[in-house]
Amino acid sequence: MRRYKAMVEQCRHRIYSLAYHSLGSREEAEDVTQEVLVRLWQHWSELAESHVMPWVIRVTRNACLDLHRKRQTRQALLDQHQDEKPGMSHSELSFVPGLAMDQADFRRQVKDALSAIEDPYRTIVILREIEDMTYQQIAAALEMPLNSVKVYLHRGRRMLRERFLELENQVPGGLAHES
Amino acid sequence: MSRKDIPDACLNVGEKIESYLNGELTAVEQAEIAAHLASCPECRADLAFAQRIADTLHSLPQERCPDRVIERVYERVVPPRSTFRDRWRVPTWRPVLIGSCAALLLAVTALIGQKEMTTPRYAEADIRAAEREARWALAYIGLLGERTGKTVKSSVIDERIILPVVRTLEKSLDRDNADPKGEVRNAG
């Protein structure tokens, strides 16, 4: 139990942070963290200590994916045309988007855009850009080849930029709000 | 303007803008994009936007997990610590305790019997009565074991109770035998 508690201290913030940035909700992030740590205890005897962190990230990502799917089910109509939307035209990009926004609003919109992009792009962007994990650590955690991580990250950053612009266009004069 | 109207050079920059910012392109590609940016204000605007998003992402803190979450986790994974009284209520402990007492009694009886061969101090009837009580206790353990479905391994009783008691008593007897005062006392 002492070793389990030490490991909880080591990975609790990473789990919570990944869940929060993925879901954009503190309440849901708390629930996910709790579930992941309880599952860690249930699987404790099967896991080598060096494998715990990758395992925890994988389980957290899956838990977040489940919640995203539930949301999508609720908002199926809204998301239906997601793939049909055209890419940003060059003219739309001919000014610096978000230029008029103060940093707090801009940051809020980045967070909204982040939780709106698809997985695994979202998870990889969070792990790399916010959690500051290396490509190798991400590849180990998500059990995918290193090159795939790089490709997903590249596309994820681009998707984030596009999603930001879509959100800006969807809500004229306003922003999608989250804490 | 639709996407197909965008010059190829601008599309190329749009594709690689984040990689350019992160210095992940080859030297040749970096130089090509830098040259294009110098002459294209629209792509410079895209670059500024991408840079701001990247900076904002990096500025997002690693969130701290509140303590209440961990408290809830421990409530779920750690069973509440039971008191001695709680443990005593658990029927599986009673046979163990009774077994321990019985085993102790048997061991003491046997050793006293051995000792009495040289220095008889107890009546034969008392020793027999003690043995009867010990046997009764052991039978009771068996009965409780059947009722609760739990058993106490005899090896546990041997190793944890009988042998330590035997060793202690043997040492005590040896000391008595070696002690001239004890000899005097026993003789007396």
# chains A, B, ... in the order shown; residues from 1 in each chain; ligands from 1
$ residues_around --residues "His43 in chain A" --least-positions-apart "4" --cutoff "12 Å" --atoms "only C-alpha atoms" --output "ChimeraX atom specification"
/A:4,36-39,47-49,51-52,55-56,59 /B:77
$ select_by_dssp --residues "range 24-171 of chain A" --states "helix (DSSP H, G or I)" --output "VMD selection string"
chain A and resid 26 to 42 44 to 46 49 to 74 76 to 79 82 to 84 103 to 116 121 to 130 135 to 142 146 to 170
$ residues_around --residues "Glu131 in chain B" --least-positions-apart "4" --cutoff "7 Å" --atoms "only C-alpha atoms" --output "list in words"
Leu106, Ile127 and Arg135 of chain B
$ residues_around --residues "Glu143 in chain A" --least-positions-apart "6" --cutoff "10 Å" --atoms "only C-alpha atoms" --output "ChimeraX atom specification"
/A:54-55,58,137,149
$ write_last_selection --atoms "N, CA and C atoms" --output "compact mmCIF listing (two decimals), in the first residue's frame"
# COMPACT_ATOMS: atom_id res chain seq x y z
N PRO A 54 3.03 4.85 -18.10
CA PRO A 54 2.41 4.67 -19.42
C PRO A 54 1.01 4.06 -19.32
N TRP A 55 0.86 3.09 -18.41
CA TRP A 55 -0.45 2.45 -18.23
C TRP A 55 -1.49 3.48 -17.80
N ARG A 58 -2.51 5.74 -20.61
CA ARG A 58 -3.38 5.03 -21.56
C ARG A 58 -4.80 4.92 -21.02
N GLN A 137 8.33 8.99 -24.81
CA GLN A 137 7.41 8.71 -23.69
C GLN A 137 5.98 8.59 -24.19
N VAL A 149 3.48 9.10 -33.80
CA VAL A 149 3.33 10.19 -32.81
C VAL A 149 3.65 11.53 -33.49
$ interface_residues --of "chain B" --to "chain A" --cutoff "9 Å" --atoms "only C-alpha atoms" --output "MDAnalysis selection string"
chainID B and resid 1:6 10:11 14:19 41:50 52:54 56:66 69:70 72:74 76:78
$ closest_residue --among "A:Asp112, A:Glu28, A:Asp105, A:Glu166" --to "Ala63 in chain A" --atoms "only C-alpha atoms"
A:Glu28
$ closest_residue --among "B:Ala123, B:Arg147, B:Ser100, B:Trp136" --to "Pro164 in chain B" --atoms "only C-alpha atoms"
B:Ser100
$ decode --residues "range 53-69 of chain B" --atoms "N, CA, C and O atoms" --output "CSV table (one decimal), in the first residue's frame"
chain,number,residue,atom,x,y,z
B,53,ILE,N,-0.9,30.6,-30.7
B,53,ILE,CA,-1.5,29.3,-30.2
B,53,ILE,C,-0.5,28.5,-29.5
B,53,ILE,O,-0.7,28.0,-28.4
B,54,ALA,N,0.7,28.3,-30.1
B,54,ALA,CA,1.8,27.5,-29.5
B,54,ALA,C,2.2,28.1,-28.2
B,54,ALA,O,2.3,27.4,-27.2
B,55,ASP,N,2.3,29.4,-28.1
B,55,ASP,CA,2.7,30.1,-26.9
B,55,ASP,C,1.7,29.9,-25.8
B,55,ASP,O,2.0,29.6,-24.6
B,56,THR,N,0.4,30.0,-26.2
B,56,THR,CA,-0.7,29.8,-25.3
B,56,THR,C,-0.7,28.4,-24.8
B,56,THR,O,-0.9,28.2,-23.5
B,57,LEU,N,-0.6,27.4,-25.7
B,57,LEU,CA,-0.5,26.0,-25.2
B,57,LEU,C,0.6,25.8,-24.2
B,57,LEU,O,0.3,25.1,-23.2
B,58,HIS,N,1.7,26.3,-24.5
B,58,HIS,CA,2.9,26.1,-23.6
B,58,HIS,C,2.6,26.8,-22.3
B,58,HIS,O,3.2,26.4,-21.2
B,59,SER,N,1.8,27.8,-22.3
B,59,SER,CA,1.6,28.6,-21.0
B,59,SER,C,0.5,27.9,-20.2
B,59,SER,O,0.3,28.3,-19.0
B,60,LEU,N,-0.2,27.0,-20.8
B,60,LEU,CA,-1.3,26.3,-20.0
B,60,LEU,C,-0.6,25.5,-18.9
B,60,LEU,O,0.4,24.7,-19.2
B,61,PRO,N,-1.0,25.6,-17.7
B,61,PRO,CA,-0.3,25.0,-16.6
B,61,PRO,C,-0.6,23.5,-16.5
B,61,PRO,O,-1.7,23.1,-17.0
B,62,GLN,N,0.3,22.7,-16.0
B,62,GLN,CA,-0.1,21.3,-15.7
B,62,GLN,C,-1.0,21.5,-14.4
B,62,GLN,O,-0.6,22.0,-13.4
B,63,GLU,N,-2.2,21.0,-14.6
B,63,GLU,CA,-3.2,21.2,-13.6
B,63,GLU,C,-2.9,20.4,-12.4
B,63,GLU,O,-2.4,19.3,-12.5
B,64,ARG,N,-3.2,20.9,-11.2
B,64,ARG,CA,-3.0,20.1,-9.9
B,64,ARG,C,-4.2,19.4,-9.5
B,64,ARG,O,-5.3,20.0,-9.4
B,65,CYS,N,-4.0,18.2,-9.2
B,65,CYS,CA,-5.2,17.3,-8.7
B,65,CYS,C,-5.5,17.7,-7.3
B,65,CYS,O,-4.7,17.6,-6.4
B,66,PRO,N,-6.8,18.1,-7.0
B,66,PRO,CA,-7.1,18.4,-5.7
B,66,PRO,C,-7.0,17.2,-4.7
B,66,PRO,O,-7.3,16.1,-5.1
B,67,ASP,N,-6.7,17.5,-3.5
B,67,ASP,CA,-6.5,16.5,-2.5
B,67,ASP,C,-7.8,15.7,-2.2
B,67,ASP,O,-7.8,14.5,-1.9
B,68,ARG,N,-9.0,16.3,-2.4
B,68,ARG,CA,-10.2,15.6,-2.1
B,68,ARG,C,-10.4,14.4,-3.0
B,68,ARG,O,-11.0,13.4,-2.7
B,69,VAL,N,-9.8,14.5,-4.2
B,69,VAL,CA,-9.9,13.3,-5.2
B,69,VAL,C,-9.1,12.1,-4.6
B,69,VAL,O,-9.6,11.0,-4.6
